[in-house]
Structure formats: C-alpha cells, structure tokens
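What follows is run.pdb (PDB, C-alpha atoms).
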ATOM      1  CA  MET J 162      21.808  41.007-132.261  1.00  0.00           C
ATOM      2  CA  ALA J 163      18.173  41.444-133.234  1.00  0.00           C
ATOM      3  CA  LEU J 164      15.870  42.925-130.607  1.00  0.00           C
ATOM      4  CA  SER J 165      12.125  43.338-130.223  1.00  0.00           C
ATOM      5  CA  THR J 166       9.915  46.075-131.657  1.00  0.00           C
ATOM      6  CA  GLU J 167       9.202  47.169-128.086  1.00  0.00           C
ATOM      7  CA  TYR J 168      12.930  47.621-127.474  1.00  0.00           C
ATOM      8  CA  TRP J 169      13.373  49.903-130.489  1.00  0.00           C
ATOM      9  CA  MET J 170      10.304  51.974-129.613  1.00  0.00           C
ATOM     10  CA  SER J 171      11.400  52.392-125.993  1.00  0.00           C
ATOM     11  CA  SER J 172      14.914  53.325-127.141  1.00  0.00           C
ATOM     12  CA  TRP J 173      13.499  56.143-129.266  1.00  0.00           C
ATOM     13  CA  LYS J 174      11.306  57.371-126.438  1.00  0.00           C
ATOM     14  CA  ALA J 175      14.251  57.350-124.014  1.00  0.00           C
ATOM     15  CA  GLY J 176      16.560  59.046-126.513  1.00  0.00           C
ATOM     16  CA  ASP J 177      18.888  56.017-126.394  1.00  0.00           C
ATOM     17  CA  ILE J 178      19.626  56.004-130.124  1.00  0.00           C
ATOM     18  CA  VAL J 179      23.306  55.114-130.358  1.00  0.00           C
ATOM     19  CA  PHE J 180      22.366  53.326-133.612  1.00  0.00           C
ATOM     20  CA  HIS J 181      21.492  56.667-135.265  1.00  0.00           C
ATOM     21  CA  ASN J 182      24.168  58.435-137.336  1.00  0.00           C
ATOM     22  CA  ASP J 183      24.302  62.239-137.457  1.00  0.00           C
ATOM     23  CA  PHE J 184      25.910  62.110-140.894  1.00  0.00           C
ATOM     24  CA  ILE J 185      25.338  60.711-144.370  1.00  0.00           C
ATOM     25  CA  TYR J 186      26.561  57.139-144.228  1.00  0.00           C
ATOM     26  CA  PRO J 187      30.067  56.988-145.807  1.00  0.00           C
ATOM     27  CA  MET J 188      29.552  53.595-147.443  1.00  0.00           C
ATOM     28  CA  LEU J 189      26.413  54.945-149.122  1.00  0.00           C
ATOM     29  CA  GLN J 190      28.272  57.910-150.560  1.00  0.00           C
ATOM     30  CA  LYS J 191      31.171  55.703-151.636  1.00  0.00           C
ATOM     31  CA  HIS J 192      28.923  53.291-153.541  1.00  0.00           C
ATOM     32  CA  ALA J 193      26.128  55.644-154.632  1.00  0.00           C
ATOM     33  CA  GLU J 194      27.080  55.235-158.295  1.00  0.00           C
ATOM     34  CA  LYS J 195      26.389  51.511-158.036  1.00  0.00           C
ATOM     35  CA  LEU J 196      23.079  52.124-156.281  1.00  0.00           C
ATOM     36  CA  PHE J 197      21.737  54.704-158.729  1.00  0.00           C
ATOM     37  CA  ASP J 198      23.363  53.214-161.869  1.00  0.00           C
ATOM     38  CA  ASN J 199      23.404  56.663-163.502  1.00  0.00           C
ATOM     39  CA  GLN J 200      19.608  56.895-163.201  1.00  0.00           C
ATOM     40  CA  SER J 201      17.764  60.054-162.154  1.00  0.00           C
ATOM     41  CA  ASN J 202      14.419  60.385-160.361  1.00  0.00           C
ATOM     42  CA  CYS J 203      14.749  56.973-158.708  1.00  0.00           C
ATOM     43  CA  ARG J 204      12.239  55.680-156.172  1.00  0.00           C
ATOM     44  CA  VAL J 205      14.244  54.671-153.101  1.00  0.00           C
ATOM     45  CA  PHE J 206      12.968  52.467-150.268  1.00  0.00           C
ATOM     46  CA  VAL J 207      14.560  52.731-146.794  1.00  0.00           C
ATOM     47  CA  PRO J 208      13.408  49.995-144.373  1.00  0.00           C
ATOM     48  CA  LEU J 209      13.508  50.783-140.624  1.00  0.00           C
ATOM     49  CA  CYS J 210      14.573  54.301-141.530  1.00  0.00           C
ATOM     50  CA  GLY J 211      14.329  56.059-138.153  1.00  0.00           C
ATOM     51  CA  LYS J 212      15.434  59.638-138.764  1.00  0.00           C
ATOM     52  CA  SER J 213      18.261  58.748-141.111  1.00  0.00           C
ATOM     53  CA  LEU J 214      19.864  61.758-142.801  1.00  0.00           C
ATOM     54  CA  ASP J 215      20.361  59.554-145.846  1.00  0.00           C
ATOM     55  CA  MET J 216      16.709  60.112-146.762  1.00  0.00           C
ATOM     56  CA  LYS J 217      17.141  63.866-147.168  1.00  0.00           C
ATOM     57  CA  TRP J 218      20.356  63.247-149.099  1.00  0.00           C
ATOM     58  CA  PHE J 219      18.440  61.075-151.563  1.00  0.00           C
ATOM     59  CA  ALA J 220      15.747  63.734-151.944  1.00  0.00           C
ATOM     60  CA  ASP J 221      18.315  66.513-152.408  1.00  0.00           C
ATOM     61  CA  LEU J 222      19.791  64.482-155.275  1.00  0.00           C
ATOM     62  CA  GLY J 223      16.376  64.515-156.968  1.00  0.00           C
ATOM     63  CA  HIS J 224      15.128  61.075-155.983  1.00  0.00           C
ATOM     64  CA  SER J 225      11.885  60.259-154.164  1.00  0.00           C
ATOM     65  CA  VAL J 226      12.084  58.348-150.892  1.00  0.00           C
ATOM     66  CA  VAL J 227       9.756  56.007-149.035  1.00  0.00           C
ATOM     67  CA  GLY J 228      10.741  54.898-145.541  1.00  0.00           C
ATOM     68  CA  VAL J 229       9.088  52.785-142.877  1.00  0.00           C
ATOM     69  CA  ASP J 230       9.630  52.627-139.129  1.00  0.00           C
ATOM     70  CA  VAL J 231       7.655  51.547-136.064  1.00  0.00           C
ATOM     71  CA  SER J 232       8.630  54.636-134.041  1.00  0.00           C
ATOM     72  CA  GLU J 233       6.628  57.824-134.473  1.00  0.00           C
ATOM     73  CA  VAL J 234       9.257  59.574-132.328  1.00  0.00           C
ATOM     74  CA  GLY J 235      11.942  58.855-134.903  1.00  0.00           C
ATOM     75  CA  ILE J 236       9.751  59.844-137.842  1.00  0.00           C
ATOM     76  CA  LEU J 237       8.672  63.157-136.327  1.00  0.00           C
ATOM     77  CA  SER J 238      12.259  63.879-135.291  1.00  0.00           C
ATOM     78  CA  PHE J 239      13.358  63.455-138.889  1.00  0.00           C
ATOM     79  CA  PHE J 240      10.964  66.066-140.245  1.00  0.00           C
ATOM     80  CA  GLU J 241      11.554  68.455-137.344  1.00  0.00           C
ATOM     81  CA  ASP J 242      15.362  68.141-137.398  1.00  0.00           C
ATOM     82  CA  GLN J 243      15.479  68.712-141.153  1.00  0.00           C
ATOM     83  CA  GLY J 244      12.956  71.561-141.087  1.00  0.00           C
ATOM     84  CA  ILE J 245      10.715  69.773-143.588  1.00  0.00           C
ATOM     85  CA  GLU J 246       6.995  70.554-143.614  1.00  0.00           C
ATOM     86  CA  TYR J 247       4.815  67.477-143.792  1.00  0.00           C
ATOM     87  CA  VAL J 248       1.241  66.262-143.791  1.00  0.00           C
ATOM     88  CA  LYS J 249      -0.044  63.371-141.697  1.00  0.00           C
ATOM     89  CA  GLU J 250      -2.449  60.911-143.321  1.00  0.00           C
ATOM     90  CA  SER J 251      -4.231  57.730-142.347  1.00  0.00           C
ATOM     91  CA  VAL J 252      -3.564  54.583-144.343  1.00  0.00           C
ATOM     92  CA  PRO J 253      -6.825  52.609-144.586  1.00  0.00           C
ATOM     93  CA  GLU J 254      -5.095  49.698-146.328  1.00  0.00           C
ATOM     94  CA  ILE J 255      -2.814  49.027-143.324  1.00  0.00           C
ATOM     95  CA  GLN J 256      -4.356  48.665-139.890  1.00  0.00           C
ATOM     96  CA  GLY J 257      -2.857  51.106-137.386  1.00  0.00           C
ATOM     97  CA  ALA J 258      -0.534  52.713-139.913  1.00  0.00           C
ATOM     98  CA  THR J 259       0.070  56.427-140.443  1.00  0.00           C
ATOM     99  CA  ARG J 260       1.746  58.124-143.412  1.00  0.00           C
ATOM    100  CA  TYR J 261       3.906  61.238-143.056  1.00  0.00           C
ATOM    101  CA  LYS J 262       4.589  62.986-146.338  1.00  0.00           C
ATOM    102  CA  SER J 263       6.706  66.046-147.088  1.00  0.00           C
ATOM    103  CA  LYS J 264       4.712  68.819-148.733  1.00  0.00           C
ATOM    104  CA  ASP J 265       6.873  68.608-151.857  1.00  0.00           C
ATOM    105  CA  GLY J 266       6.070  64.890-152.099  1.00  0.00           C
ATOM    106  CA  LYS J 267       9.728  63.818-152.200  1.00  0.00           C
ATOM    107  CA  ILE J 268       9.808  61.998-148.844  1.00  0.00           C
ATOM    108  CA  THR J 269       7.136  59.677-147.449  1.00  0.00           C
ATOM    109  CA  ILE J 270       7.532  57.726-144.214  1.00  0.00           C
ATOM    110  CA  TYR J 271       5.105  55.095-142.972  1.00  0.00           C
ATOM    111  CA  LYS J 272       4.681  54.441-139.268  1.00  0.00           C
ATOM    112  CA  ALA J 273       3.975  50.762-139.687  1.00  0.00           C
ATOM    113  CA  ASN J 274       5.365  47.268-139.451  1.00  0.00           C
ATOM    114  CA  LEU J 275       7.871  46.641-142.238  1.00  0.00           C
ATOM    115  CA  PHE J 276       6.090  43.423-143.169  1.00  0.00           C
ATOM    116  CA  SER J 277       2.883  45.335-143.936  1.00  0.00           C
ATOM    117  CA  MET J 278       4.562  47.098-146.862  1.00  0.00           C
ATOM    118  CA  LYS J 279       2.961  45.740-150.039  1.00  0.00           C
ATOM    119  CA  LYS J 280       3.646  46.560-153.668  1.00  0.00           C
ATOM    120  CA  ASP J 281      -0.014  47.328-154.379  1.00  0.00           C
ATOM    121  CA  ILE J 282       0.032  49.926-151.585  1.00  0.00           C
ATOM    122  CA  ILE J 283       3.428  51.637-151.901  1.00  0.00           C
ATOM    123  CA  GLY J 284       4.540  50.596-155.379  1.00  0.00           C
ATOM    124  CA  ASP J 285       7.889  49.128-156.379  1.00  0.00           C
ATOM    125  CA  PHE J 286      11.352  50.664-156.217  1.00  0.00           C
ATOM    126  CA  ASP J 287      14.377  51.370-158.357  1.00  0.00           C
ATOM    127  CA  CYS J 288      16.666  51.315-155.313  1.00  0.00           C
ATOM    128  CA  ILE J 289      16.639  49.890-151.787  1.00  0.00           C
ATOM    129  CA  TRP J 290      19.039  51.189-149.130  1.00  0.00           C
ATOM    130  CA  ASP J 291      19.270  48.919-146.097  1.00  0.00           C
ATOM    131  CA  ASN J 292      21.725  50.152-143.493  1.00  0.00           C
ATOM    132  CA  GLY J 293      21.402  47.577-140.741  1.00  0.00           C
ATOM    133  CA  SER J 294      17.680  46.840-140.764  1.00  0.00           C
ATOM    134  CA  LEU J 295      18.368  43.188-141.533  1.00  0.00           C
ATOM    135  CA  VAL J 296      20.514  43.069-138.388  1.00  0.00           C
ATOM    136  CA  ALA J 297      17.586  44.453-136.357  1.00  0.00           C
ATOM    137  CA  ILE J 298      15.182  41.788-137.623  1.00  0.00           C
ATOM    138  CA  ASN J 299      14.777  38.719-135.436  1.00  0.00           C
ATOM    139  CA  LYS J 300      16.378  35.658-136.988  1.00  0.00           C
ATOM    140  CA  GLN J 301      13.072  33.833-137.288  1.00  0.00           C
ATOM    141  CA  ASP J 302      11.684  36.750-139.345  1.00  0.00           C
ATOM    142  CA  ARG J 303      14.511  36.927-141.875  1.00  0.00           C
ATOM    143  CA  GLN J 304      12.742  34.865-144.521  1.00  0.00           C
ATOM    144  CA  LYS J 305       9.713  37.125-144.163  1.00  0.00           C
ATOM    145  CA  TYR J 306      12.075  40.086-144.515  1.00  0.00           C
ATOM    146  CA  VAL J 307      13.505  38.627-147.729  1.00  0.00           C
ATOM    147  CA  SER J 308      10.035  38.006-149.161  1.00  0.00           C
ATOM    148  CA  THR J 309       8.868  41.529-148.297  1.00  0.00           C
ATOM    149  CA  LEU J 310      11.898  43.338-149.691  1.00  0.00           C
ATOM    150  CA  THR J 311      12.227  41.316-152.888  1.00  0.00           C
ATOM    151  CA  SER J 312       8.506  41.810-153.602  1.00  0.00           C
ATOM    152  CA  LEU J 313       9.117  45.569-153.662  1.00  0.00           C
ATOM    153  CA  MET J 314      11.982  45.412-156.174  1.00  0.00           C
ATOM    154  CA  ALA J 315      11.359  46.693-159.691  1.00  0.00           C
ATOM    155  CA  ASP J 316      12.866  44.617-162.501  1.00  0.00           C
ATOM    156  CA  SER J 317      15.990  46.815-162.625  1.00  0.00           C
ATOM    157  CA  CYS J 318      16.207  47.462-158.874  1.00  0.00           C
ATOM    158  CA  ARG J 319      19.597  47.931-157.188  1.00  0.00           C
ATOM    159  CA  TYR J 320      19.630  46.897-153.535  1.00  0.00           C
ATOM    160  CA  LEU J 321      22.502  48.125-151.356  1.00  0.00           C
ATOM    161  CA  LEU J 322      22.708  46.137-148.116  1.00  0.00           C
ATOM    162  CA  ILE J 323      24.895  46.772-145.074  1.00  0.00           C
ATOM    163  CA  ALA J 324      25.116  43.532-143.103  1.00  0.00           C
ATOM    164  CA  LEU J 325      26.858  42.429-139.913  1.00  0.00           C
ATOM    165  CA  ASP J 326      27.869  38.777-139.678  1.00  0.00           C
ATOM    166  CA  PHE J 327      25.333  37.630-142.284  1.00  0.00           C
ATOM    167  CA  ASP J 328      25.524  35.490-145.409  1.00  0.00           C
ATOM    168  CA  PRO J 329      22.933  36.835-147.895  1.00  0.00           C
ATOM    169  CA  ILE J 330      23.771  34.116-150.416  1.00  0.00           C
ATOM    170  CA  LYS J 331      21.632  31.754-148.324  1.00  0.00           C
ATOM    171  CA  SER J 332      18.710  34.162-148.076  1.00  0.00           C
ATOM    172  CA  GLU J 333      18.588  35.967-151.441  1.00  0.00           C
ATOM    173  CA  PRO J 334      18.322  33.150-154.060  1.00  0.00           C
ATOM    174  CA  THR J 335      16.228  35.343-156.371  1.00  0.00           C
ATOM    175  CA  CYS J 336      18.977  37.980-156.658  1.00  0.00           C
ATOM    176  CA  THR J 337      22.466  38.227-158.064  1.00  0.00           C
ATOM    177  CA  LEU J 338      24.999  39.280-155.451  1.00  0.00           C
ATOM    178  CA  GLU J 339      28.126  41.430-155.584  1.00  0.00           C
ATOM    179  CA  LYS J 340      30.277  42.104-152.533  1.00  0.00           C
ATOM    180  CA  LEU J 341      31.392  45.727-152.778  1.00  0.00           C
ATOM    181  CA  ASP J 342      33.197  46.545-149.553  1.00  0.00           C
ATOM    182  CA  ALA J 343      33.954  45.652-145.943  1.00  0.00           C
ATOM    183  CA  SER J 344      35.067  47.583-142.882  1.00  0.00           C
ATOM    184  CA  SER J 345      35.231  47.486-139.093  1.00  0.00           C
ATOM    185  CA  TYR J 346      34.404  50.081-136.462  1.00  0.00           C
ATOM    186  CA  ARG J 347      33.761  50.561-132.762  1.00  0.00           C
ATOM    187  CA  VAL J 348      30.675  52.392-131.469  1.00  0.00           C
ATOM    188  CA  HIS J 349      31.612  55.117-128.968  1.00  0.00           C
ATOM    189  CA  GLY J 350      31.317  53.864-125.406  1.00  0.00           C
ATOM    190  CA  ARG J 351      31.202  50.189-126.369  1.00  0.00           C
ATOM    191  CA  GLU J 352      33.961  47.598-126.272  1.00  0.00           C
ATOM    192  CA  ALA J 353      32.765  45.475-129.181  1.00  0.00           C
ATOM    193  CA  VAL J 354      34.236  45.872-132.649  1.00  0.00           C
ATOM    194  CA  TYR J 355      31.656  45.594-135.450  1.00  0.00           C
ATOM    195  CA  TYR J 356      32.454  44.164-138.871  1.00  0.00           C
ATOM    196  CA  GLU J 357      30.205  45.246-141.717  1.00  0.00           C
ATOM    197  CA  THR J 358      29.977  44.171-145.327  1.00  0.00           C
ATOM    198  CA  VAL J 359      28.383  45.995-148.252  1.00  0.00           C
ATOM    199  CA  PHE J 360      26.483  43.947-150.836  1.00  0.00           C
ATOM    200  CA  LEU J 361      24.797  45.030-154.054  1.00  0.00           C
ATOM    201  CA  MET J 362      21.873  42.865-155.110  1.00  0.00           C
ATOM    202  CA  LYS J 363      19.812  42.875-158.296  1.00  0.00           C
ATOM    203  CA  PRO J 364      16.863  40.707-159.392  1.00  0.00           C
ATOM    204  CA  LYS J 365      17.937  37.716-161.480  1.00  0.00           C
TER     205      LYS J 365
END
Please express the file's structure as structure tokens.
Amino acid sequence: MALSTEYWMSSWKAGDIVFHNDFIYPMLQKHAEKLFDNQSNCRVFVPLCGKSLDMKWFADLGHSVVGVDVSEVGILSFFEDQGIEYVKESVPEIQGATRYKSKDGKITIYKANLFSMKKDIIGDFDCIWDNGSLVAINKQDRQKYVSTLTSLMADSCRYLLIALDFDPIKSEPTCTLEKLDASSYRVHGREAVYYETVFLMKPK
C-alpha cells in the first residue's frame, strides 16, 4: 500500500525501516545477467534507493549508480554504513535538492523528489533497478512515475522491476515486457504474506 512522503521520512528518522534489506537482493543477483545484458560500465538508476546495499554491489561490479530518495537520513546512512567518502553539492536545477557523490564518482544519490529527475539533468540510463518503489508510489501518481522512468531510459535500457500486486502491461505501453520470476515471503513480525513478481522491460 502506497504511503505519503511524510510517512517515509518519519520512518527513516524513527529508525522504523522494516522495508530495508541488509543484504543484496536475491532476485537482483539471480537475474543480473538479464539486467546487464553482458554490458560493462553501465549507468544504473535506482529510484527511491534509501540505503540499499544493491547500489554498492553495482559499483563494485564496475557500473556507475545514480539513486534518488527523499530522506537525507537514508542517504547519509548509506555512505556511512559502507564507509564511502562523499561530497555534498547543491543542485541549482532542482529546487531544494542536494546531491551526494562518492569521491570516486561511482555512486551519486540525489535528495529530491523522484519526479524532479530529468534526462537533461541526470542523463539517461542503461539499466534501471526498481525494487518496490512503484509499490511506494501513490496510485494517482503511477502515470507520472511511468513517464518519469521511461524518459530516463536509453534506447537499449533494461529495466528490472519488482512489483507487488501490479499489472505493468497497463502502465508500460512504450516497453516490451518479460515476466522473469515470482515468489512469496513474509516480513518478520508481520502476518501478511507478500507476493512479488519480477519483470524485465525494454523500450519498444
């Protein structure tokens, strides 16, 4: 169920981040070959990245990563937890945004609204890794989400999407779609069982 920006920011501040994984996401590792398509030095975009360990994994494989999140707490935690030195920069093109960039230039994270990410500001991407950000977007914003993400796709982009109870066929008409996998799991301390599906999308 999608929740407000204020909810996610307060969750980070309170340390209530049950949605964060302290491991590289297994479905990402399982389908990495499909995502990278045997390409090296890919530009990877991670929407609503938080402090996902997947970003460092991408960088360690030789790719460059750009993430975006509304929570400065999550962004700073990522760099601190991973022991990565970074520089903090203003972003004049985006009101209220801040850019955090690793000193080696491999990882850049924007503290900003996802919908402010524009191709002429951050470029386009060879790969997009979306592990649940679509689920976190309010239903009324999903078309805006689609427009934002597809505008950032390079011509040969591979887009790996983890979705819960969502039919991307209705919302991704500009992309081809391949269902790669499906699984179920229960979050510790919660009764609900979650069913996730992995899709690979490419521009038509």
Step by step, work through what the PyMOL selection byres ((chain J and resi 229) around 6) selects in the shown file, and finish by giving those residues as a ChimeraX atom specification.
/J:208-210,228,230,270-272
Excluding same-chain residues fewer than 6 positions from J:Asp198, what lies within 12 Å of it counting all atoms listed in the file, as a list of chain:residue names?
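These residues fall inside the cut-off: J:His192, J:Asp287, J:Cys288, J:Ser317, J:Cys318, J:Arg319, J:Tyr320, J:Leu321, J:Leu361, J:Lys363.
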Record the distance separating atom CA of J:Ala343 and atom CA of J:Leu322, expressed in Å with one decimal.
11.5 Å
Using only C-alpha atoms, determine which residues lie at most 9 Å from J:Met216, disregarding the query and same-chain residues fewer than 6 positions distant; provide the list as a count of residues only.
9
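Closest approach to J:Ser263 among J:Glu246, J:Glu339, J:Asp316, J:Asp281: J:Glu246, based on all atoms listed in the file.
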Nearest to J:Ile245, chosen from J:Ala315, J:Leu341, J:Ala220, J:Ile289, with all atoms listed in the file counted in the distances
J:Ala220
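Among the candidates J:Phe276, J:Ala324, J:Val359, J:Asp285, the one nearest to J:Tyr306 when counting all atoms listed in the file is J:Phe276.
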Can you find the residues with an atom no farther than 8 Å from (14.6, 56.5, -137.5), counting only C-alpha atoms, and report them as a ChimeraX atom specification?
/J:181,209-213,230,232,235-236,239
